[in-house]
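S.K.: Just passing along the structure, written as structure tokens.
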Amino acid sequence: MTDRRLHTTCAYCGVGCGVEIPHAGDRTIQVRGLANHPANQGRLCVKGTHLGEVLPLQQRLLRPTLAGETVSWDTALDFISQKMTNARTETGVDSLGFYLSGQLLTEDYYVANKLAKGFLGTANLDTNSRLCMSSAVAAYQQSLGEDAVPGCYDDIEQADLVILVGSNLAWAHPVLFQRLQAARKARPQMRLVVIDPRATDTSRAADLHLPLKPGTDGRLFNGALAWLSEQGALDTDFIQHHTAQFDETLIAARQHAGTDWAALANDCGLTLADLLQFFDGLKTTPKTVTAWSMGINQSRSGVAKSQAIINLHLATGRIGKVGATPFSITGQPNAMGGREVGGLANQLASHRGFTETDCDTVARFWKAPRIARKPGLKAVDLFEAAARGDIKVLWIMATNPLASLPDANRVREALARVDTVIVSDVVTDNDTLAYADLVLPALAWGEKDGTVTNSERCLSRQRGFLLPPGEAKPDWWALAEVGKRLGFENAFDYAHPAAIFAEHAALSAFEPAPNRQFNLHPLTSLTAREYDDLAPAQWPFDADGRSRARLFSDGRFATTDGRARFIAVAPAEPDACANQLRLNTGRLRDQWHTMTRTGLVNRLGQHRPDFCLTLHPADAAERGLIEGQPVRVRNALGQFIALLAVDTAQRRGDAFAPMHWNATFAAQGGVAKVIPPIVDPQSGQPETKHALVDVEPLTIACSGVYIGDQLPEPLSQGAIWFKRSLGERWLWSLHYSQHTVAEVSERWQCFANDIGFSMTDTDHHWFHQATAPGQSPTVFWLALSDQQRPDPDTDWLLEQWQNSQVPLDDWLAGSPGEADPRGNLICTCHSVYDRDIQGFLAQHSSADLKAVQSALKCSTQCGSCLEEVTDLVGRCTAASPDVESA
Amino acid sequence: MNQERLLIIGHGMAATRLLQQLTEGGYGGSITVIGDEGGVGYNRIQLTPWLAGEVSEASLNLVDDAWYRHHRIYRVNGDAVASLDPDGLVTLSTGRTLAFDTAVLATGALPRFPDLPFPPQPAIRAFRSKADGHWLKALPRGQSVVVIGGGLLGLEAAWGLRARGHSVSLVHRNGHLMNRQLSAPTAALLAGAMSQAGITIHLGCELRRINANPVIESVELTNGEILNARVLIAAAGIQPNQHLAQQAGLGVHRGVLIDDQMRTSHPRVFALGECAEFNGETFGLVAPAYEQADVLASVLCGRPAHWSPLQSTTRLKISGLDVVSHGRIDHPDARHLTLNAPGRNQCRRLHFLNDRLIGAEMIGLRSHLELYQRLIEQQTPINDARAVMLGNMKAA
């Protein structure tokens with residue numbers, strides 16, 4: 001049997017894949033997918049595959065600092081307790097705030113929650129999970145009685161119809177997508193419908209793509225309910241015995257969507273044929289899974305839309321059954337674990353709310369003197385209160401709210417306004433750290449030790465296999481130390497995360513409410529050793545301790561009467577847009593959130609190296625925008641600058657920008673600056689997918705590329721820059737609207753006169769300067785142009801970095817003279833570029849996908865690029881007869 | 001049989017090339033060549049490596065005695081031609097006369113000496129011949145030598161003498177070395193390399209006085225500086241040797257005027273090489289002389305051909321330092337792209353005008369020369385000057 005201490009869980013999305021570490025104590029390892037983990041069964045996506053590359057201590061926070069000066073942990077912790085005590089006395093306990101993260105482990109979350117809600121007495125503790133799945137949580141609570149995801153990953157494989165709505169599963173949850181694709185391959189009768197305004201790798205794999213008008217998904221699902229009812233295709237028996245409030249819900253759905261199906265199709269921006277094909281599939285396929293993500297949740301009506309989906313499943317009895325469930329797919333590795341301990345401001349702990357009974361129960365369990373008895377401020381409100389001056393001490397852990405919360409400029413005001421901002425993090429540089437008074441070095445993935453819960457309620461251990469660097473400490477330890485300093489020695493006397501977990505499990509099993517599903521009773525008495533050895537475990541547990549994969553299979557729900565609730569909804573739609581563009585935001589395949597980890601990995605930066613705003617070509621042409629050009633995206637709230645990409649995958653009038661590029665990676669990055677703080681009134685989840693923006697071109701006098709360790713001041717001055725990792729070095733893409741090549745190169749030459757090699761141009765169209773390869777530790781490479789951005793072959797440059805024999809011309813040109821450019825990276829695992837695939841197909845005209853895979857190995861490891869490779873092979877082979885006849 | 005009598009006056013590199021081309025082209029007449037040095041035609045360009053001891057004297061020879069015998073070429077050695085009657089007769093300084101049907105003037109050029117009074121002596125001389133080389137090779141090491149002229153010849157002489165262990169100063173009138181072939185920044189790199197080799201360089205000045213009593217001791221520069229000088233080498237340019245043509249009443253200007261078949265103003269007399277002038281230009285390099293020889297050989301063999309001067313490539317090769325210049329490098333409106341690697345003594349500068357490459361100069365970097373020559377000759381329109389600079393053939 002393998003050593004379970006080398007089994008851990010991926011740091012990224014909510015799929016929660018098991019990861020196997022080759023050996024402990026090494027920061028230069030290659031990880032593998034864990035073969036016997038239920039989530040991934042050995043698979044890993046491209047981000048997970050490169051987890052070993054985020055371990056080196058590059059840009060790592062190692063010591064506590066107070067006002068920029070290194071201090072001891074004692075000083076730091078005394079400072080926190082002093083500031084908290086002062087704030088409680090002077091402005092009341094609700095002037096304290098905690099802002100946590102779905103990246104925290106359950107144990108960290110638990111201690112933070114216990115400290116704030118139980119012992120300080122404030123529920124002003126929220127988490128970035130608010131931005132991710134709080135709408136689904138509220139919907140589950142109202143519809144099913146508890147925040148409990150009814151289905152499991154197996155259902156996606158067992159279904160005959162999978163509907164993905166508001167989810168680019170292929171990029172955001174690649175392993176789950178691969179499981180789906182493998183199941184479809186095994187059972188070709190399985191159907192996949194993707195509902196997304198944008199064409200994505202996910203939609204390209206679908207049998208039916210519904211590119212609906214943004215924000216009309218609630219209307220579409222209400223329409224589906226009305227249509228199925230008209231067709232007599234509802235499960236009246238299930239409705240009658242297991243639900244309530246059906247009639248008013250159906251009436252509301254019919255009113256909202258109408259019963260003129262052509263009109264509905266038109267309202268949703270779809271063809272009637274597509275609409276009816278979708279409806280008909282719903283009618284004829286009992287085993288249906290509807291999975292959704294941020295496209296539904298991140299909306300002013302995310303709760304109502306989630307409920308519209310759940311309504312449909314209740315009305316057809318498709319819940320709690322094999323291959324039939326509504327299924328929200330969470331974004332973060334421990335969004336679910338955070339929900340379980342009560343990490344949201346409107347939850348207390350262990351799926352308990354703020355009823356008097358719940359508060360009393362938890363207070364009794366914790367022996368808490370002054371438990372919070374009302375919900376606290378949700379994320380957006382918490383920062384709004386801070387901006388008003390109502391928050392005096394704010395402790396932010398493992399998240400970068402300045403990059404992720406809407407209306408970033410307001411968040412900036414908030415951070416500036418708070419007296420004491422404490423930030424626990426692992427990196428030395430992110431947007432939020434700039435506003436921290438006290439910075440605490442936390443443990444990173446691979447160092448910290450605890451549990452996470454994935455999207456299918458499966459608890460897995462994230463194990464520490466590396467020694468903590470510097471003075472980095474677990475978050476739970478820092479929180480507990482503050483708790484002790486505030487006088488709660490007994491409540492926070494934890495020696496090991498196992499003790500915290502056991503307490504959390506015990507709380508879940510303490511005085512259980514009859515219908516509550518969340519109960520970790522078999523795990524309440526784990527010894528530290530058993531905890532260390534814990535295998536993945538899915539709740540709920542039967543009385544005998546066995547896991548159950550599905551909830552509500554007996555038709556009894558978590559409500560007091562055991563009946564699920566239909567909720568009458570008419571989900572509000574986003575503001576209409578006249579001349580502006582509608583900005584959708586989302587994830588890229590190879591990046592994660594604000595790039596603090598994936599941004600350090602060269603390979604992960606190559607799939608989509610640039611921060612791009614993507615428009616439909618016609619929208620770009622209308623505005624006189626040219627591909628590759630920097631554009632300013634603005635509205636009344638703020639602005640950011642990205643490079644323009646055009647793609648017919650966008651609908652007319654819609655724009656897309658990835659969420660990832662923030663102040664660390666782009667001089668004027670940060671999509672959050674233009675996102676209005678519109679939230680769902682019930683869940684408080686911000687609407688991050690419908691900002692209305694103007695896009696205008698920037699005239700660029702000079703573009704450039706700089707490779708080095710830091711961007712020197714003569715280059716950063718006046719530059720719109722984008723930064724990306726090349727592993728040991730960084731690459732800055734430079735764009736100047738006010739400075740010409742002549743001006744920038746003159747500034748530069750004053751700074752770096754006569755170092756290495758240069759190429760100057762009296763017309764100032766170009767300027768190059770680079771140190772000689774293989775010479776000194778401070779190596780740089782610079783190219784400036786007034787024509788196009790220089791495009792060096794960075795892989796080649798990195799290979800030549802130590803080669804003092806490299807031809808001077810090639811070195812300055814940034815590519816091997818005669819070789820063709822490599823094109824775009826498609827397969828990150830095996831470094832296969834589109835040119836490689838095209839070249840192979842040109843030589844092997846009869847080759848198919850399989851032949852390409854076996855020759856080039858692309859898309860055979862993590863599979864994240866399978867859709868792209870398939871698409872490319874399809875396009876090349878379709879085009880080849882013309883090539884031959886030409 | 002009425003065989004044409006061809007008389008070639010001068011036996012330098014141009015004449016030797018002409019002889020080779022005539023024999024290869026199957027010239028049917030009889031050939032006589034008159035030289036003042038004696039021996040076989042040799043490669044003047046290799047004098048510096050020979051002086052520096054890098055090559056042997058024998059390897060300078062372009063042909064050997066057997067070759068002349070084999071091709072029945074008559075050599076008249078050591079005699080200067082006293083007068084020329086273009087209608088078919090030359091008189092040698094010995095009084096001997098030679099009749100000809102066709103004559104070719106290949107009298108070359110004479111070194112230019114400073115226009116200053118000095119008693120003639122062996123230590124004030126040029127460096128253009130084997131005789132010069134022998135004299136300099138016989139000089140004991142460690143002498144103070146002043147070389148006048150920072151062009152190709154002067155630099156080569158200075159380098160060769162430095163390699164022999166002399167203390168060499170180079171005096172150049174212009175503000176930068178090789179000013180006809182290099183622009184100032186490129187030349188600065190060359191000057192740096194020369195200085196590193198131990199040659200003292202004096203730019204922007206000339207000789208004001210030669211102190212000789214009667215043997216030369218020092219020279220005084222226009223900037224007042226006084227340089228010790230046991231030897232003075234005149235390498236500041238040449239003047240076409242057109243004395244004979246002038247005396248014969250042929251058309252001359254700076255050189256002997258020729259047309260595009262190397263014909264002088266007299267139909268029986270041709271001229272080529274350093275002594276000739278075409279369209280107001282004289283030519284000091286070997287490449288145009290060779291091209292002229294090739295065309296003239298065709299003409300004499302009865303295959304009409306015409307010569308037009310190409311942009312020629314100047315090349316200075318002094319142990320390890322390769323200096324190349326091609327085309328125009330002095331156009332005031334040209335755009336320059338300059339690649340500079342001062343730490344490596346390398347640079348390359350391209351001159352563009354109206355999206356055409358017009359000139360290229362390089363030090364220490366010979367890559368892409370053929371590309372640049374082709375682009376300059378063919379006047380190829382260039383979209384991407386930077387790609388051309390970095391050697392991307394496809395960009396042109």
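Each chain of the structure tokens is named A, B, ... in the order shown, its residues numbered from 1; ligands are numbered from 1 in display order.
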Using only C-alpha atoms, select each residue of chain A with any atom at most 12 Å away from an atom of chain B, and give the selection as a PDB file with N, CA and C atoms, in the first residue's frame.
M.R.:
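Listed below is the output, result.pdb:
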ATOM      1  N   ASN A 753      23.901  52.042 -20.430  1.00  0.00           N
ATOM      2  CA  ASN A 753      24.782  52.365 -21.546  1.00  0.00           C
ATOM      3  C   ASN A 753      25.828  51.276 -21.764  1.00  0.00           C
ATOM      4  N   ASP A 754      25.946  50.843 -23.021  1.00  0.00           N
ATOM      5  CA  ASP A 754      27.071  49.990 -23.424  1.00  0.00           C
ATOM      6  C   ASP A 754      27.109  48.620 -22.769  1.00  0.00           C
ATOM      7  N   ILE A 755      26.020  48.199 -22.115  1.00  0.00           N
ATOM      8  CA  ILE A 755      26.017  46.844 -21.576  1.00  0.00           C
ATOM      9  C   ILE A 755      25.659  45.889 -22.706  1.00  0.00           C
ATOM     10  N   GLY A 756      26.404  44.856 -22.854  1.00  0.00           N
ATOM     11  CA  GLY A 756      26.044  43.778 -23.783  1.00  0.00           C
ATOM     12  C   GLY A 756      25.964  44.237 -25.225  1.00  0.00           C
ATOM     13  N   PHE A 757      24.896  43.813 -25.886  1.00  0.00           N
ATOM     14  CA  PHE A 757      24.713  44.085 -27.309  1.00  0.00           C
ATOM     15  C   PHE A 757      23.543  45.035 -27.493  1.00  0.00           C
ATOM     16  N   SER A 758      23.639  45.862 -28.525  1.00  0.00           N
ATOM     17  CA  SER A 758      22.487  46.698 -28.814  1.00  0.00           C
ATOM     18  C   SER A 758      22.273  46.773 -30.318  1.00  0.00           C
ATOM     19  N   MET A 759      21.052  47.091 -30.698  1.00  0.00           N
ATOM     20  CA  MET A 759      20.786  47.422 -32.086  1.00  0.00           C
ATOM     21  C   MET A 759      19.978  48.704 -32.096  1.00  0.00           C
ATOM     22  N   THR A 760      20.557  49.742 -32.699  1.00  0.00           N
ATOM     23  CA  THR A 760      19.884  51.031 -32.727  1.00  0.00           C
ATOM     24  C   THR A 760      19.471  51.361 -34.153  1.00  0.00           C
ATOM     25  N   ASP A 761      18.515  52.253 -34.251  1.00  0.00           N
ATOM     26  CA  ASP A 761      17.953  52.607 -35.557  1.00  0.00           C
ATOM     27  C   ASP A 761      17.801  54.119 -35.572  1.00  0.00           C
ATOM     28  N   THR A 762      18.445  54.788 -36.531  1.00  0.00           N
ATOM     29  CA  THR A 762      18.350  56.259 -36.550  1.00  0.00           C
ATOM     30  C   THR A 762      16.929  56.731 -36.835  1.00  0.00           C
ATOM     31  N   ASP A 763      16.104  55.878 -37.437  1.00  0.00           N
ATOM     32  CA  ASP A 763      14.699  56.239 -37.626  1.00  0.00           C
ATOM     33  C   ASP A 763      13.859  55.891 -36.403  1.00  0.00           C
ATOM     34  N   HIS A 764      14.483  55.231 -35.442  1.00  0.00           N
ATOM     35  CA  HIS A 764      13.809  54.864 -34.188  1.00  0.00           C
ATOM     36  C   HIS A 764      12.556  54.034 -34.400  1.00  0.00           C
ATOM     37  N   HIS A 765      12.601  53.139 -35.370  1.00  0.00           N
ATOM     38  CA  HIS A 765      11.526  52.158 -35.472  1.00  0.00           C
ATOM     39  C   HIS A 765      11.788  50.997 -34.531  1.00  0.00           C
ATOM     40  N   TRP A 766      13.068  50.771 -34.260  1.00  0.00           N
ATOM     41  CA  TRP A 766      13.443  49.619 -33.443  1.00  0.00           C
ATOM     42  C   TRP A 766      14.549  49.975 -32.465  1.00  0.00           C
ATOM     43  N   PHE A 767      14.589  49.252 -31.381  1.00  0.00           N
ATOM     44  CA  PHE A 767      15.738  49.312 -30.483  1.00  0.00           C
ATOM     45  C   PHE A 767      15.845  47.966 -29.766  1.00  0.00           C
ATOM     46  N   HIS A 768      17.051  47.441 -29.780  1.00  0.00           N
ATOM     47  CA  HIS A 768      17.294  46.190 -29.051  1.00  0.00           C
ATOM     48  C   HIS A 768      18.488  46.385 -28.126  1.00  0.00           C
ATOM     49  N   GLN A 769      18.431  45.800 -26.974  1.00  0.00           N
ATOM     50  CA  GLN A 769      19.651  45.676 -26.176  1.00  0.00           C
ATOM     51  C   GLN A 769      19.527  44.447 -25.284  1.00  0.00           C
ATOM     52  N   ALA A 770      20.604  43.719 -25.193  1.00  0.00           N
ATOM     53  CA  ALA A 770      20.579  42.502 -24.361  1.00  0.00           C
ATOM     54  C   ALA A 770      21.975  42.241 -23.836  1.00  0.00           C
ATOM     55  N   THR A 771      22.026  41.681 -22.674  1.00  0.00           N
ATOM     56  CA  THR A 771      23.330  41.247 -22.171  1.00  0.00           C
ATOM     57  C   THR A 771      23.741  39.991 -22.926  1.00  0.00           C
ATOM     58  N   ALA A 772      25.028  39.710 -22.889  1.00  0.00           N
ATOM     59  CA  ALA A 772      25.520  38.520 -23.571  1.00  0.00           C
ATOM     60  C   ALA A 772      25.055  37.290 -22.810  1.00  0.00           C
ATOM     61  N   GLN A 775      26.778  35.209 -19.468  1.00  0.00           N
ATOM     62  CA  GLN A 775      27.810  36.060 -18.888  1.00  0.00           C
ATOM     63  C   GLN A 775      27.631  36.295 -17.401  1.00  0.00           C
ATOM     64  N   ALA A 783      13.601  44.588 -26.346  1.00  0.00           N
ATOM     65  CA  ALA A 783      13.334  44.985 -27.729  1.00  0.00           C
ATOM     66  C   ALA A 783      12.200  46.009 -27.708  1.00  0.00           C
ATOM     67  N   LEU A 784      12.383  47.100 -28.451  1.00  0.00           N
ATOM     68  CA  LEU A 784      11.342  48.116 -28.575  1.00  0.00           C
ATOM     69  C   LEU A 784      11.056  48.329 -30.054  1.00  0.00           C
ATOM     70  N   SER A 785       9.812  48.647 -30.345  1.00  0.00           N
ATOM     71  CA  SER A 785       9.460  48.875 -31.743  1.00  0.00           C
ATOM     72  C   SER A 785       8.306  49.861 -31.820  1.00  0.00           C
ATOM     73  N   ASP A 786       8.275  50.638 -32.878  1.00  0.00           N
ATOM     74  CA  ASP A 786       7.099  51.497 -33.067  1.00  0.00           C
ATOM     75  C   ASP A 786       6.129  50.838 -34.041  1.00  0.00           C
ATOM     76  N   GLN A 787       6.435  49.631 -34.463  1.00  0.00           N
ATOM     77  CA  GLN A 787       5.607  48.984 -35.475  1.00  0.00           C
ATOM     78  C   GLN A 787       4.754  47.889 -34.871  1.00  0.00           C
ATOM     79  N   GLN A 788       5.391  46.788 -34.501  1.00  0.00           N
ATOM     80  CA  GLN A 788       4.611  45.748 -33.867  1.00  0.00           C
ATOM     81  C   GLN A 788       5.353  45.308 -32.621  1.00  0.00           C
ATOM     82  N   PRO A 790       7.532  43.217 -30.457  1.00  0.00           N
ATOM     83  CA  PRO A 790       8.485  42.148 -30.749  1.00  0.00           C
ATOM     84  C   PRO A 790       7.957  40.829 -30.196  1.00  0.00           C
ATOM     85  N   SER A 804      27.038  30.886 -24.464  1.00  0.00           N
ATOM     86  CA  SER A 804      27.803  32.055 -24.892  1.00  0.00           C
ATOM     87  C   SER A 804      28.155  31.991 -26.382  1.00  0.00           C
ATOM     88  N   PRO A 807      24.612  32.823 -31.845  1.00  0.00           N
ATOM     89  CA  PRO A 807      24.868  33.927 -32.778  1.00  0.00           C
ATOM     90  C   PRO A 807      24.206  35.215 -32.302  1.00  0.00           C
ATOM     91  N   LEU A 808      24.974  36.268 -32.396  1.00  0.00           N
ATOM     92  CA  LEU A 808      24.519  37.566 -31.917  1.00  0.00           C
ATOM     93  C   LEU A 808      23.198  37.991 -32.564  1.00  0.00           C
ATOM     94  N   ASP A 809      23.077  37.772 -33.855  1.00  0.00           N
ATOM     95  CA  ASP A 809      21.844  38.187 -34.550  1.00  0.00           C
ATOM     96  C   ASP A 809      20.631  37.465 -33.998  1.00  0.00           C
ATOM     97  N   ASP A 810      20.780  36.170 -33.823  1.00  0.00           N
ATOM     98  CA  ASP A 810      19.654  35.377 -33.331  1.00  0.00           C
ATOM     99  C   ASP A 810      19.284  35.802 -31.916  1.00  0.00           C
ATOM    100  N   TRP A 811      20.301  36.064 -31.133  1.00  0.00           N
ATOM    101  CA  TRP A 811      20.070  36.443 -29.732  1.00  0.00           C
ATOM    102  C   TRP A 811      19.274  37.733 -29.659  1.00  0.00           C
ATOM    103  N   LEU A 812      19.664  38.714 -30.471  1.00  0.00           N
ATOM    104  CA  LEU A 812      18.926  39.981 -30.446  1.00  0.00           C
ATOM    105  C   LEU A 812      17.547  39.821 -31.082  1.00  0.00           C
ATOM    106  N   ALA A 813      17.485  39.011 -32.153  1.00  0.00           N
ATOM    107  CA  ALA A 813      16.185  38.799 -32.796  1.00  0.00           C
ATOM    108  C   ALA A 813      15.251  38.013 -31.868  1.00  0.00           C
ATOM    109  N   GLY A 814      15.846  37.241 -30.975  1.00  0.00           N
ATOM    110  CA  GLY A 814      15.035  36.472 -30.033  1.00  0.00           C
ATOM    111  C   GLY A 814      14.505  35.189 -30.618  1.00  0.00           C
ATOM    112  N   SER A 815      15.093  34.730 -31.727  1.00  0.00           N
ATOM    113  CA  SER A 815      14.663  33.448 -32.273  1.00  0.00           C
ATOM    114  C   SER A 815      15.779  32.894 -33.147  1.00  0.00           C
ATOM    115  N   PRO A 816      15.842  31.577 -33.284  1.00  0.00           N
ATOM    116  CA  PRO A 816      16.886  30.994 -34.114  1.00  0.00           C
ATOM    117  C   PRO A 816      16.627  31.357 -35.564  1.00  0.00           C
ATOM    118  N   GLY A 817      17.613  31.975 -36.192  1.00  0.00           N
ATOM    119  CA  GLY A 817      17.498  32.597 -37.503  1.00  0.00           C
ATOM    120  C   GLY A 817      16.565  31.957 -38.498  1.00  0.00           C
ATOM    121  N   GLU A 818      16.876  30.761 -38.918  1.00  0.00           N
ATOM    122  CA  GLU A 818      16.167  30.201 -40.059  1.00  0.00           C
ATOM    123  C   GLU A 818      14.897  29.463 -39.655  1.00  0.00           C
ATOM    124  N   ALA A 819      14.796  29.143 -38.367  1.00  0.00           N
ATOM    125  CA  ALA A 819      13.661  28.310 -37.960  1.00  0.00           C
ATOM    126  C   ALA A 819      12.360  29.086 -38.081  1.00  0.00           C
ATOM    127  N   ASP A 820      11.298  28.383 -38.385  1.00  0.00           N
ATOM    128  CA  ASP A 820       9.980  29.000 -38.410  1.00  0.00           C
ATOM    129  C   ASP A 820       9.528  29.250 -36.983  1.00  0.00           C
TER     130      ASP A 820
END
S.K.: If you run DSSP on the backbone here, which positions in stretch 256-391 of chain A get alpha helix (DSSP H)? Please write them as a count of residues only.
M.R.: 69
S.K.: Could you check the closest approach to A:Gln802 for each of A:Ala335, A:Ala442, A:Val779, A:Val149 and tell me which residue wins, using only C-alpha atoms?
M.R.: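 Among the listed residues, the smallest separation from A:Gln802 belongs to A:Val779.
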S.K.: Name all residues at most 12 Å from A:Phe79 (count only C-alpha atoms; drop same-chain ones fewer than 4 positions away) and give them as JSON, numbers by chain.
M.R.: {"A": [64, 65, 66, 67, 71, 72, 73, 74, 75, 83, 84, 85, 86, 393, 420, 421, 422, 437, 438, 439, 440, 481, 482, 485, 486]}
S.K.: Measure the distance from atom CA of A:Ala136 to atom CA of A:Gly302 in Å and round it to one decimal.
M.R.: 7.3 Å
S.K.: Excluding same-chain residues fewer than 3 positions from A:Gly258, what lies within 9 Å of it counting only C-alpha atoms, as a list in words?
M.R.: Asn222, Gly223, Ala226, Ala253, Arg254, Gln255, Trp261, Ala263 and Leu264 of chain A
S.K.: For the strand (DSSP E) assignment from backbone DSSP, which residues of stretch 36-137 of chain B qualify? Please present them as number ranges by chain.
M.R.: B: 73-77, 81-85, 89-92, 97-99, 102-105, 109-111, 124-125
S.K.: Out of B:Pro111, B:Tyr27, B:Ala248, B:Pro120, which residue has the shortest atom-to-atom distance to B:Glu274 when counting only C-alpha atoms?
M.R.: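 Checking each of B:Pro111, B:Tyr27, B:Ala248, B:Pro120 against B:Glu274, counting only C-alpha atoms, the winner is B:Pro111.
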S.K.: With only C-alpha atoms as the atoms that count, which of B:Gln181, B:Ser195, B:Gln242, B:Asn213 lies nearest to B:His331?
M.R.: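 Distance minimum relative to B:His331 lands on B:Gln181.
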S.K.: Might you pull out every residue within 12 Å of A:Leu105, with only C-alpha atoms counted and same-chain residues fewer than 3 positions away left off, and present them as an MDAnalysis selection string?
M.R.: chainID A and resid 9:11 100:102 108:112 332:341 343 397:398 442:445 447:454 459:464 474:476 497 500:501
S.K.: Can I get the selected residues back with C-alpha atoms, as a short mmCIF file (atom, residue, chain, number, x, y, z; two decimals), in the first residue's frame?
M.R.:
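Printed below is again_34.cif as written:
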data_model
loop_
_atom_site.label_atom_id
_atom_site.label_comp_id
_atom_site.auth_asym_id
_atom_site.auth_seq_id
_atom_site.Cartn_x
_atom_site.Cartn_y
_atom_site.Cartn_z
CA THR A 9 -5.57 17.33 -2.65
CA CYS A 10 -5.12 19.80 -5.47
CA ALA A 11 -4.97 23.49 -4.58
CA LEU A 100 -11.60 34.71 4.41
CA SER A 101 -11.17 32.50 1.40
CA GLY A 102 -12.18 29.28 -0.25
CA ASP A 108 -8.33 27.46 9.49
CA TYR A 109 -11.86 28.44 8.62
CA TYR A 110 -13.22 26.78 11.74
CA VAL A 111 -10.90 28.60 14.12
CA ALA A 112 -11.54 31.97 12.44
CA GLN A 332 -12.63 26.86 -5.13
CA PRO A 333 -10.88 23.94 -3.48
CA ASN A 334 -12.59 24.45 -0.16
CA ALA A 335 -15.64 26.57 -0.87
CA MET A 336 -17.70 23.66 0.45
CA GLY A 337 -15.57 23.18 3.57
CA GLY A 338 -15.96 26.85 4.34
CA ARG A 339 -19.73 26.53 4.06
CA GLU A 340 -19.62 23.55 6.42
CA VAL A 341 -17.90 25.42 9.25
CA GLY A 343 -17.58 30.70 6.82
CA MET A 397 -6.71 35.73 4.77
CA ALA A 398 -5.65 33.95 1.58
CA ALA A 442 0.94 31.88 6.08
CA LEU A 443 1.61 28.34 4.96
CA ALA A 444 1.16 27.51 1.30
CA TRP A 445 -0.09 24.40 -0.45
CA GLU A 447 3.07 23.04 3.76
CA LYS A 448 -0.30 23.39 5.37
CA ASP A 449 -2.14 20.47 6.80
CA GLY A 450 -5.87 20.00 7.04
CA THR A 451 -9.01 19.08 5.13
CA VAL A 452 -10.98 20.38 2.19
CA THR A 453 -14.42 19.44 0.84
CA ASN A 454 -15.07 19.31 -2.87
CA LEU A 459 -13.67 15.51 2.43
CA SER A 460 -10.02 15.00 1.52
CA ARG A 461 -6.85 15.74 3.35
CA GLN A 462 -4.50 18.42 2.10
CA ARG A 463 -1.28 17.24 3.63
CA GLY A 464 1.90 19.11 4.42
CA PRO A 474 -0.62 27.95 9.77
CA ASP A 475 -3.52 30.39 9.71
CA TRP A 476 -5.33 28.42 12.44
CA PRO A 497 -5.21 20.48 13.15
CA ILE A 500 -9.65 21.26 15.38
CA PHE A 501 -11.14 18.84 12.90
#
